[in-house]
$ cat start.txt   # compact mmCIF, C-alpha atoms and all ligand atoms
# COMPACT_ATOMS: atom_id res chain seq x y z
CA MET G 9 -31.30 122.35 75.06
CA VAL G 10 -33.37 124.71 72.96
CA GLU G 11 -37.06 124.13 72.51
CA LEU G 12 -39.61 126.28 70.74
CA LYS G 13 -43.22 125.22 70.86
CA ASN G 14 -45.60 126.80 68.39
CA VAL G 15 -43.82 130.12 68.50
CA SER G 16 -45.01 133.13 66.54
CA VAL G 17 -43.43 136.56 66.45
CA THR G 18 -45.14 139.58 64.94
CA TYR G 19 -43.22 142.85 65.08
CA SER G 20 -45.00 146.07 66.00
CA ASN G 21 -45.12 147.09 62.31
CA GLY G 22 -47.27 144.01 61.64
CA VAL G 23 -44.56 141.83 60.02
CA ASP G 24 -45.00 138.16 60.89
CA ALA G 25 -41.36 137.12 61.32
CA LEU G 26 -42.08 133.62 62.69
CA ASP G 27 -45.27 131.65 62.31
CA LYS G 28 -45.98 128.72 64.66
CA VAL G 29 -42.42 127.45 64.73
CA SER G 30 -41.66 124.30 66.72
CA LEU G 31 -38.05 123.23 67.02
CA ARG G 32 -36.03 121.21 69.48
CA ILE G 33 -32.24 121.12 69.55
CA ASN G 34 -30.92 118.72 72.17
CA ASP G 35 -27.82 119.12 74.28
CA GLY G 36 -24.75 118.04 72.34
CA GLU G 37 -26.27 118.57 68.88
CA PHE G 38 -24.85 120.55 65.97
CA ALA G 39 -27.51 122.24 63.87
CA PHE G 40 -27.26 124.55 60.89
CA ILE G 41 -30.09 127.05 60.59
CA VAL G 42 -30.33 128.09 56.99
CA GLY G 43 -32.53 130.56 55.18
CA GLU G 44 -32.52 133.50 52.83
CA SER G 45 -32.33 137.04 54.06
CA GLY G 46 -35.61 137.98 55.75
CA ALA G 47 -36.58 134.35 56.43
CA GLY G 48 -36.63 134.81 60.21
CA LYS G 49 -33.20 133.49 61.31
CA SER G 50 -32.23 136.53 63.38
CA THR G 51 -35.63 136.60 65.02
CA LEU G 52 -35.15 132.96 65.99
CA ILE G 53 -31.79 133.76 67.58
CA LYS G 54 -33.20 136.83 69.34
CA LEU G 55 -35.93 134.64 70.80
CA MET G 56 -33.30 132.29 72.24
CA LEU G 57 -31.61 135.25 73.95
CA LYS G 58 -34.90 136.79 75.05
CA GLU G 59 -34.14 139.89 73.02
CA VAL G 60 -37.53 139.33 71.42
CA SER G 61 -40.61 137.84 73.08
CA PRO G 62 -43.06 135.59 71.27
CA ASN G 63 -46.64 136.70 70.67
CA GLU G 64 -47.59 133.10 71.21
CA GLY G 65 -45.85 129.84 72.03
CA ARG G 66 -43.21 128.75 74.50
CA VAL G 67 -39.42 129.07 74.48
CA TYR G 68 -37.04 127.04 76.65
CA VAL G 69 -33.25 127.45 76.52
CA ASN G 70 -30.69 125.67 78.69
CA GLY G 71 -33.19 124.96 81.43
CA PHE G 72 -34.71 128.46 81.42
CA ASN G 73 -38.38 128.98 80.65
CA LEU G 74 -38.07 132.23 78.69
CA ASN G 75 -41.77 132.99 78.93
CA LYS G 76 -41.29 133.30 82.68
CA LEU G 77 -37.75 134.68 82.82
CA ARG G 78 -37.76 138.26 84.08
CA LEU G 79 -35.95 140.83 81.97
CA ASN G 80 -33.62 141.68 84.87
CA LYS G 81 -32.51 138.01 84.97
CA THR G 82 -31.66 137.58 81.29
CA HIS G 83 -27.92 137.82 82.05
CA LYS G 84 -28.23 134.43 83.77
CA LEU G 85 -29.55 132.88 80.57
CA ARG G 86 -27.00 134.67 78.37
CA ARG G 87 -24.10 133.44 80.49
CA THR G 88 -24.94 129.89 79.42
CA ILE G 89 -24.53 130.88 75.75
CA GLY G 90 -21.44 131.85 73.77
CA PHE G 91 -21.92 134.01 70.69
CA VAL G 92 -19.96 134.35 67.51
CA PHE G 93 -20.87 137.13 65.08
CA GLN G 94 -20.21 137.72 61.41
CA ASP G 95 -18.12 140.83 62.12
CA PHE G 96 -16.13 139.27 65.03
CA LYS G 97 -16.85 142.18 67.42
CA LEU G 98 -13.39 142.15 68.96
CA ILE G 99 -12.04 145.11 70.90
CA ASN G 100 -9.28 146.54 68.72
CA THR G 101 -7.41 148.25 71.54
CA MET G 102 -7.00 144.98 73.43
CA THR G 103 -4.65 142.09 72.67
CA VAL G 104 -5.99 138.67 71.77
CA TYR G 105 -5.37 137.55 75.34
CA GLU G 106 -7.21 140.54 76.78
CA ASN G 107 -10.16 140.13 74.43
CA VAL G 108 -10.72 136.66 75.85
CA ALA G 109 -9.77 137.37 79.48
CA PHE G 110 -12.17 140.31 79.51
CA VAL G 111 -15.16 137.93 79.51
CA LEU G 112 -13.94 136.16 82.63
CA ARG G 113 -13.01 139.38 84.38
CA SER G 114 -16.49 140.73 83.80
CA ILE G 115 -17.93 137.84 85.79
CA ASP G 116 -15.28 138.16 88.52
CA ALA G 117 -13.57 134.85 87.81
CA PRO G 118 -10.52 134.21 90.02
CA LYS G 119 -7.26 135.59 88.59
CA LYS G 120 -5.53 132.23 88.71
CA TYR G 121 -8.36 130.61 86.78
CA ILE G 122 -8.15 133.33 84.13
CA ARG G 123 -4.37 132.85 83.80
CA ASN G 124 -4.87 129.14 83.10
CA ARG G 125 -8.10 129.17 81.18
CA VAL G 126 -7.35 131.88 78.59
CA PRO G 127 -4.16 130.29 77.15
CA TYR G 128 -5.88 126.91 77.19
CA VAL G 129 -8.82 128.15 75.10
CA LEU G 130 -6.57 130.10 72.74
CA ALA G 131 -4.50 126.96 72.16
CA LEU G 132 -7.72 125.06 71.46
CA VAL G 133 -8.53 127.40 68.56
CA GLY G 134 -4.96 127.29 67.27
CA LEU G 135 -3.84 130.75 68.38
CA LYS G 136 -1.23 129.92 71.00
CA ASP G 137 1.33 132.10 69.22
CA LYS G 138 -0.93 135.12 68.81
CA VAL G 139 -1.83 135.93 72.40
CA LYS G 140 0.01 139.26 72.33
CA SER G 141 -1.24 140.36 68.91
CA TYR G 142 -3.93 142.93 68.35
CA PRO G 143 -7.00 142.12 66.23
CA ASN G 144 -5.87 144.34 63.33
CA GLU G 145 -2.66 142.29 63.11
CA LEU G 146 -4.66 139.15 62.38
CA SER G 147 -6.35 137.68 59.31
CA GLY G 148 -10.15 137.44 59.22
CA GLY G 149 -9.99 133.73 60.01
CA GLU G 150 -7.69 134.35 62.98
CA GLN G 151 -9.99 137.08 64.27
CA GLN G 152 -12.92 134.69 64.07
CA ARG G 153 -10.87 132.15 66.04
CA VAL G 154 -10.36 134.75 68.76
CA ALA G 155 -14.12 135.32 68.75
CA LEU G 156 -14.60 131.58 69.11
CA ALA G 157 -12.16 131.45 72.02
CA ARG G 158 -14.05 134.32 73.63
CA ALA G 159 -17.34 132.46 73.16
CA LEU G 160 -15.85 129.30 74.65
CA VAL G 161 -13.92 130.68 77.58
CA ASN G 162 -16.86 130.69 79.95
CA ASP G 163 -17.58 127.04 79.11
CA PRO G 164 -21.08 127.69 77.74
CA LYS G 165 -23.59 124.90 77.19
CA LEU G 166 -24.49 126.38 73.82
CA ILE G 167 -22.66 128.30 71.12
CA ILE G 168 -24.69 130.36 68.69
CA ALA G 169 -22.72 131.38 65.64
CA ASP G 170 -24.59 133.96 63.55
CA GLU G 171 -23.21 133.99 59.99
CA PRO G 172 -19.69 133.34 61.36
CA THR G 173 -18.27 132.78 57.88
CA GLY G 174 -19.97 135.76 56.26
CA ASN G 175 -16.74 137.77 56.05
CA LEU G 176 -14.40 134.89 55.25
CA ASP G 177 -13.16 133.22 52.09
CA PRO G 178 -14.31 129.64 51.38
CA LYS G 179 -11.18 127.91 52.70
CA THR G 180 -11.19 129.88 55.95
CA SER G 181 -14.94 129.39 56.29
CA TRP G 182 -14.38 125.67 56.01
CA GLU G 183 -11.77 125.78 58.78
CA ILE G 184 -14.07 127.75 61.09
CA ILE G 185 -16.91 125.27 60.59
CA GLU G 186 -14.52 122.39 61.26
CA LEU G 187 -13.45 124.12 64.45
CA LEU G 188 -17.09 124.52 65.49
CA GLN G 189 -17.54 120.81 64.82
CA ASP G 190 -14.53 119.99 67.01
CA ILE G 191 -15.98 122.15 69.78
CA ASN G 192 -19.26 120.30 69.38
CA LYS G 193 -17.48 116.94 69.68
CA CYS G 194 -16.27 118.06 73.10
CA GLY G 195 -19.90 118.34 74.20
CA THR G 196 -20.98 121.93 73.49
CA THR G 197 -24.22 122.34 71.57
CA VAL G 198 -23.65 124.42 68.44
CA ILE G 199 -26.22 126.34 66.40
CA MET G 200 -24.81 127.94 63.31
CA VAL G 201 -26.94 130.35 61.33
CA THR G 202 -26.13 130.96 57.69
CA HIS G 203 -27.67 131.88 54.36
CA GLU G 204 -25.06 129.79 52.52
CA HIS G 205 -27.14 126.73 51.82
CA GLU G 206 -24.80 125.18 49.25
CA PHE G 207 -21.92 125.42 51.68
CA VAL G 208 -23.55 123.58 54.57
CA LYS G 209 -24.71 120.78 52.30
CA HIS G 210 -21.06 119.72 52.07
CA PHE G 211 -20.90 119.30 55.82
CA GLY G 212 -24.17 117.47 56.30
CA GLY G 213 -25.63 116.83 59.72
CA ARG G 214 -28.81 118.50 60.89
CA ILE G 215 -30.07 121.29 58.70
CA VAL G 216 -33.07 123.39 59.64
CA THR G 217 -34.29 125.53 56.77
CA ILE G 218 -36.45 128.55 57.50
CA LYS G 219 -38.57 130.07 54.80
CA GLU G 220 -40.91 133.01 55.29
CA GLY G 221 -41.05 132.47 59.03
CA ARG G 222 -41.74 128.75 58.92
CA ILE G 223 -39.61 125.65 59.11
CA ALA G 224 -39.49 124.33 55.58
CA PHE G 225 -37.03 121.51 56.25
CA ASP G 226 -35.55 119.90 59.34
CA ASP G 227 -33.56 116.75 58.83
CA TYR G 228 -30.15 115.13 58.73
CA ILE G 229 -28.44 114.98 55.36
P1 LIG J 1 -33.16 136.93 58.67
O1 LIG J 1 -32.30 136.96 59.86
O2 LIG J 1 -33.43 135.54 58.16
O3 LIG J 1 -32.67 137.83 57.58
P2 LIG J 1 -35.08 138.40 60.28
O4 LIG J 1 -35.46 137.56 61.44
O5 LIG J 1 -34.11 139.51 60.50
O6 LIG J 1 -34.62 137.47 59.07
O7 LIG J 1 -36.40 139.07 59.68
C1 LIG J 1 -37.63 138.37 59.47
C2 LIG J 1 -38.69 139.39 59.03
O8 LIG J 1 -38.97 140.27 60.12
C3 LIG J 1 -38.27 140.26 57.86
O9 LIG J 1 -39.40 140.52 57.08
C4 LIG J 1 -37.77 141.54 58.54
O10 LIG J 1 -37.94 142.65 57.69
C5 LIG J 1 -38.69 141.62 59.76
N1 LIG J 1 -38.05 142.26 60.92
C6 LIG J 1 -36.89 141.89 61.53
N2 LIG J 1 -36.63 142.65 62.59
C7 LIG J 1 -37.66 143.56 62.67
C8 LIG J 1 -37.99 144.62 63.58
N3 LIG J 1 -37.20 144.92 64.62
N4 LIG J 1 -39.10 145.33 63.34
C9 LIG J 1 -39.90 145.03 62.31
N5 LIG J 1 -39.67 144.03 61.43
C10 LIG J 1 -38.57 143.30 61.61
$ encode --input "start.txt" --output "structure tokens"
Amino acid sequence: MVELKNVSVTYSNGVDALDKVSLRINDGEFAFIVGESGAGKSTLIKLMLKEVSPNEGRVYVNGFNLNKLRLNKTHKLRRTIGFVFQDFKLINTMTVYENVAFVLRSIDAPKKYIRNRVPYVLALVGLKDKVKSYPNELSGGEQQRVALARALVNDPKLIIADEPTGNLDPKTSWEIIELLQDINKCGTTVIMVTHEHEFVKHFGGRIVTIKEGRIAFDDYI
């Protein structure tokens, strides 16, 4: 669950990025966060990860009170969240399998668990046959699927996808959003950030529009 209560963020140069934003996204929801460049979307995401602190207001994410969470404990919060980025951020020298297994190794998951979990998650995103490929041998859509598998492998409560379709053609974008919806149906909360307003209108569901640091629209369409 993500809850922002009256949150404002002013950067040190005086820019008011968010102005008294209140927003609640419950466990199991799928929400699109939409807004033009500069609207405050990235700041909102950074708040959820405690990469930015609010000047005022309260932030709660997955049971953590971020106002009270110490900076040396932020890894505990971040482990409950899977991220997907516009530019995939895969490691090009590692195979698809290794890119996903790496996440579990970094938290010292048991070897046997890794051997079972990684192929399972890769099959879930439709990449069973690509485990031995390297990222540069894959299409953009396939690379984003690997990124999704990597986000999912640790069974996070929440997936935050920041412009995940920004580098993809419309058909592939559509497939990635459908995959995010399937993941959501299995119980993971999904927040997808995008500037492509027209595109999300086709999908419907909850749309939160941010404009000049404020929530201009928050409803189901
Ligand atoms: P979006 O993700 O919707 O493009 P951002 O959250 O990145 O919007 O930016 C919101 C506003 O805050 C913009 O005016 C931007 O220039 C400003 N901003 C973002 N990051 C910083 C920063 N680190 N320092 C100063 N201003 C920033």
$ residues_around --input "start.txt" --residues "region 176-189 of chain G" --least-positions-apart "5" --cutoff "9 Å" --atoms "all atoms listed in the file" --output "list in words"
Phe38, Gln94, Val133, Gly148, Gly149, Gln152, Arg153, Leu156, Ile167, Ala169, Cys194, Val198, Met200, Phe207 and Phe211 of chain G
$ atom_distance --input "start.txt" --atom1 "CA of Asp226 (chain G)" --atom2 "CA of Ala39 (chain G)"
9.5 Å
$ closest_residue --input "start.txt" --among "G:Ala159, G:His210, G:Gly195, G:Ile223" --to "Phe93 (chain G)" --atoms "only C-alpha atoms"
G:Ala159
$ residues_near_ligand --input "start.txt" --ligand "ligand LIG 1 (chain J)" --cutoff "7 Å" --atoms "all atoms listed in the file" --output "list in words"
Tyr19, Ser20, Asn21, Val23, Asp24, Ala25, Gly43, Glu44, Ser45, Gly46, Ala47, Gly48, Lys49, Ser50, Thr51, Leu52 and Gly221 of chain G
$ write_last_selection --input "start.txt" --atoms "C-alpha atoms" --output "short mmCIF file (atom, residue, chain, number, x, y, z; two decimals), in the coordinates of the input"
data_model
loop_
_atom_site.label_atom_id
_atom_site.label_comp_id
_atom_site.auth_asym_id
_atom_site.auth_seq_id
_atom_site.Cartn_x
_atom_site.Cartn_y
_atom_site.Cartn_z
CA TYR G 19 -43.22 142.85 65.08
CA SER G 20 -45.00 146.07 66.00
CA ASN G 21 -45.12 147.09 62.31
CA VAL G 23 -44.56 141.83 60.02
CA ASP G 24 -45.00 138.16 60.89
CA ALA G 25 -41.36 137.12 61.32
CA GLY G 43 -32.53 130.56 55.18
CA GLU G 44 -32.52 133.50 52.83
CA SER G 45 -32.33 137.04 54.06
CA GLY G 46 -35.61 137.98 55.75
CA ALA G 47 -36.58 134.35 56.43
CA GLY G 48 -36.63 134.81 60.21
CA LYS G 49 -33.20 133.49 61.31
CA SER G 50 -32.23 136.53 63.38
CA THR G 51 -35.63 136.60 65.02
CA LEU G 52 -35.15 132.96 65.99
CA GLY G 221 -41.05 132.47 59.03
#
$ residues_around --input "start.txt" --residues "Gly134 (chain G)" --least-positions-apart "2" --cutoff "10 Å" --atoms "all atoms listed in the file" --output "ChimeraX atom specification"
/G:128-132,136-138,150,153-154,157,187
$ atom_distance --input "start.txt" --atom1 "CA of Leu98 (chain G)" --atom2 "CA of Val201 (chain G)"
19.5 Å
$ closest_residue --input "start.txt" --among "G:Ile53, G:Ile218, G:Ile33, G:Ala155" --to "Ile99 (chain G)" --atoms "only C-alpha atoms"
G:Ala155
